[in-house]
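First up is the structure itself, then whatever we jot down about it.
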Amino acid sequence: MNPHFSSIEALTASGLSERDAALWLALSTYGPMNISQLARATRLHRPAIYKLLPSLIKSHLVKELKENRRVRYQSTGIEALTRFRASRDTAFATELKKLGQKEKKHDLSDTVRVYHGKEMQHVWEDVVATTPKASVFLRYDGYTPSTKVKEYIPADYFKGIEHKHIDRFVITNGALRKSAYKKRLECASRVLPETFDAFEQGVSQFVFGDKIALIDFTTETAIVIKNQALAKYHSRVFQYLYRSLQT
C-alpha cells in the first residue's frame with residue numbers, strides 16, 4: 001500500500017481505515033495531487049479513490065483544489081487530524097456510556113446474589129443491614145435441630161436485630177420450636193403439622209424489606225433476590241399461613 005507502514009498504523013489508530021490513511025499520508029507527504037497521482041502513490045485503484053475522498057473531505061481531513069478544469073486534493077494538516085481524533089474519542093466515549101447504561105439494566109449483581117459455604121453469613125448480615133427499623137422479619141425454617149445454622153450467623157446479628165427493633169415471626173416444625181425457639185420470647189413462632197412435611201430438605205426462606213432469601217443448608221447455597229413485588233407477595237402468603245396455624 002504505502003512504504004510508510006508504521007505511519008499507516010498510527011493513522012488507523014486515529015480512526016481512519018487503512019485506505020483512508022494511505023490517501024491522507026500520501027497527500028501529507030507529497031503535497032496536492034490529482035486522482036492519477038494518488039493512484040500511483042498509494043497503489044489504489046481510481047474507482048476506490050473516488051469512493052474514499054468524499055468521506056475524507058466531509059471529515060475535513062482533505063480539501064478539494066479546483067484550478068480551471070483541473071482538480072487536485074490536499075491534506076488539511078496535522079491539526080485537522082488531531083481534531084478528527086478528538087471527535088472520534090468523544091463519540092466513542094458517548095457510545096460506551098450508552099452501552100454501559102444498557103448493560104446496567106441487565107446487570108443482576110444487585111438484584112440476585114448467590115452465596116456458597118461460609119459466605120452464607122452475608123444473608124444474615126443483609127437482614128440486619130437492609131431491614132427497615134421497627135419492621136418485621138419473616139422466615140420459614142424447614143430443617144432438623146441438628147443442622148448447624150449457628151455457623152453462618154454473625155456474632156452481632158441478634159444485637160443488630162434488637163437495636164433496630166425488628167419483630168421476628170417464624171413458621172417452623174415442632175422439633176425446632178422445642179429446641180431453637182423454646183426460650184426466644186422475642187421471636188414469635190408457629191408450627192406446621194407433622195403431616196405436612198418431614199423437613200428433610202434442610203431449607204429456610206427469609207422475607208425482609210424488599211428481599212427474599214432462599215437457603216439450602218444441605219448444599220450450603222443461598223440466593224437473595226431483591227424484588228419488591230416478590231417480597232410483598234411472599235409476605236402476604238406468610239401472614240395468611242401464620243394466622244391459620246395454631247399458637
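Going by the C-alpha cells order, chains are called A, B, ..., each with residues numbered from 1, while ligands are numbered from 1 in the order shown.
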DSSP helix (DSSP H, G or I) residues within stretch 8-96 of chain A, listed as a PyMOL selection string: chain A and resi 8-13+18-30+35-42+46-58+78-96
Residue nearest A:Gln205 among A:Glu162, A:Asp156, A:Glu18, A:Asp141 (counting only C-alpha atoms):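 Closest candidate: A:Asp141.
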Given only C-alpha atoms as the counted atoms, nearest of A:Ile35, A:Trp24, A:Met120, A:Lys159 to A:Pro47: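 Under the stated criterion, the closest residue is A:Ile35.
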Could you go through stretch 96-158 of chain A and tell me which residues DSSP, when run on the backbone, assigns to strand (DSSP E or B), listing them as a PDB file with N, CA and C atoms, in the first residue's frame?
```pdb
ATOM      1  N   VAL A 112     -29.942 -10.142  42.154  1.00  0.00           N
ATOM      2  CA  VAL A 112     -29.844 -11.539  42.567  1.00  0.00           C
ATOM      3  C   VAL A 112     -28.410 -11.828  42.998  1.00  0.00           C
ATOM      4  N   ARG A 113     -28.252 -12.289  44.205  1.00  0.00           N
ATOM      5  CA  ARG A 113     -26.916 -12.640  44.697  1.00  0.00           C
ATOM      6  C   ARG A 113     -26.920 -14.078  45.206  1.00  0.00           C
ATOM      7  N   VAL A 114     -25.841 -14.778  44.901  1.00  0.00           N
ATOM      8  CA  VAL A 114     -25.727 -16.180  45.284  1.00  0.00           C
ATOM      9  C   VAL A 114     -24.504 -16.346  46.187  1.00  0.00           C
ATOM     10  N   TYR A 115     -24.703 -17.056  47.285  1.00  0.00           N
ATOM     11  CA  TYR A 115     -23.611 -17.294  48.225  1.00  0.00           C
ATOM     12  C   TYR A 115     -23.432 -18.794  48.438  1.00  0.00           C
ATOM     13  N   HIS A 116     -22.187 -19.185  48.703  1.00  0.00           N
ATOM     14  CA  HIS A 116     -21.883 -20.597  48.942  1.00  0.00           C
ATOM     15  C   HIS A 116     -21.048 -20.726  50.215  1.00  0.00           C
ATOM     16  N   VAL A 136     -40.716  -5.853  60.233  1.00  0.00           N
ATOM     17  CA  VAL A 136     -40.784  -7.272  60.560  1.00  0.00           C
ATOM     18  C   VAL A 136     -39.849  -8.085  59.682  1.00  0.00           C
ATOM     19  N   PHE A 137     -39.440  -9.195  60.221  1.00  0.00           N
ATOM     20  CA  PHE A 137     -38.595 -10.168  59.512  1.00  0.00           C
ATOM     21  C   PHE A 137     -39.321 -11.500  59.584  1.00  0.00           C
ATOM     22  N   LEU A 138     -39.663 -12.043  58.432  1.00  0.00           N
ATOM     23  CA  LEU A 138     -40.420 -13.285  58.360  1.00  0.00           C
ATOM     24  C   LEU A 138     -39.522 -14.403  57.864  1.00  0.00           C
ATOM     25  N   ARG A 139     -39.694 -15.598  58.429  1.00  0.00           N
ATOM     26  CA  ARG A 139     -38.866 -16.703  57.966  1.00  0.00           C
ATOM     27  C   ARG A 139     -39.580 -18.048  58.139  1.00  0.00           C
ATOM     28  N   TYR A 140     -39.300 -18.919  57.185  1.00  0.00           N
ATOM     29  CA  TYR A 140     -39.707 -20.318  57.281  1.00  0.00           C
ATOM     30  C   TYR A 140     -38.442 -21.097  57.604  1.00  0.00           C
ATOM     31  N   ASP A 141     -38.508 -21.943  58.602  1.00  0.00           N
ATOM     32  CA  ASP A 141     -37.372 -22.792  58.932  1.00  0.00           C
ATOM     33  C   ASP A 141     -37.780 -24.240  58.755  1.00  0.00           C
ATOM     34  N   GLY A 142     -37.218 -24.899  57.760  1.00  0.00           N
ATOM     35  CA  GLY A 142     -37.552 -26.285  57.471  1.00  0.00           C
ATOM     36  C   GLY A 142     -36.338 -27.174  57.504  1.00  0.00           C
TER      37      GLY A 142
END
```
Residue nearest A:Gly117 among A:Leu96, A:Val149, A:Ala155, A:Leu245 (counting only C-alpha atoms): A:Val149
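The space between atom CA of A:Val237 and atom CA of A:Glu151 spans 29.1 Å.
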Shell around stretch 76-89 of chain A at 6 Å using only C-alpha atoms, local window under 3 positions removed, as JSON, numbers by chain: {"A": [14, 61, 62, 92]}
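Note that the spacing between atom CA of A:Val170 and atom CA of A:Ser189 amounts to 4.5 Å.
Counting only C-alpha atoms and comparing A:Leu241, A:Ala222, A:Leu192, A:Leu27, the residue that lies closest to A:His122 is A:Ala222.
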Pairwise distance for atom CA of A:Ser146 and atom CA of A:Phe238, rounded to one decimal in Å: 24.9 Å
Shell around A:Ala129 at 10 Å using only C-alpha atoms, local window under 3 positions removed, as a list in words: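 Near A:Ala129, the qualifying residues are His122, Val123, Trp124, Glu125, Asp126, Pro132, Lys133, Tyr157, Gly160, Ile161 and Lys164 of chain A.
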Take the residues from that selection and write them out as a compact mmCIF listing (two decimals), in the first residue's frame, keeping C-alpha atoms.
```
# COMPACT_ATOMS: atom_id res chain seq x y z
CA HIS A 122 -23.94 -12.44 54.26
CA VAL A 123 -27.64 -13.29 54.22
CA TRP A 124 -27.96 -12.63 57.97
CA GLU A 125 -25.79 -9.53 57.61
CA ASP A 126 -28.12 -8.34 54.84
CA PRO A 132 -36.06 -1.07 57.95
CA LYS A 133 -36.19 -0.13 61.64
CA TYR A 157 -26.63 -10.50 64.39
CA GLY A 160 -28.35 -5.71 65.41
CA ILE A 161 -31.90 -7.10 65.28
CA LYS A 164 -33.34 -1.86 65.03
```
Using only C-alpha atoms: which of A:Tyr152, A:Lys98, A:Glu64, A:Leu25 has the shortest distance to A:Ala10: A:Leu25
8 Å contact set for stretch 208-210 of chain A, only C-alpha atoms, chain neighbours under 6 positions out, as JSON, numbers by chain: {"A": [127, 130, 131, 132, 136, 137, 138, 226, 227, 228, 229, 230, 231, 232]}
Distance query A:Gln246 at most 9 Å, only C-alpha atoms, self and fewer than 2 positions along chain excluded, as a ChimeraX atom specification: /A:190-192,242-244
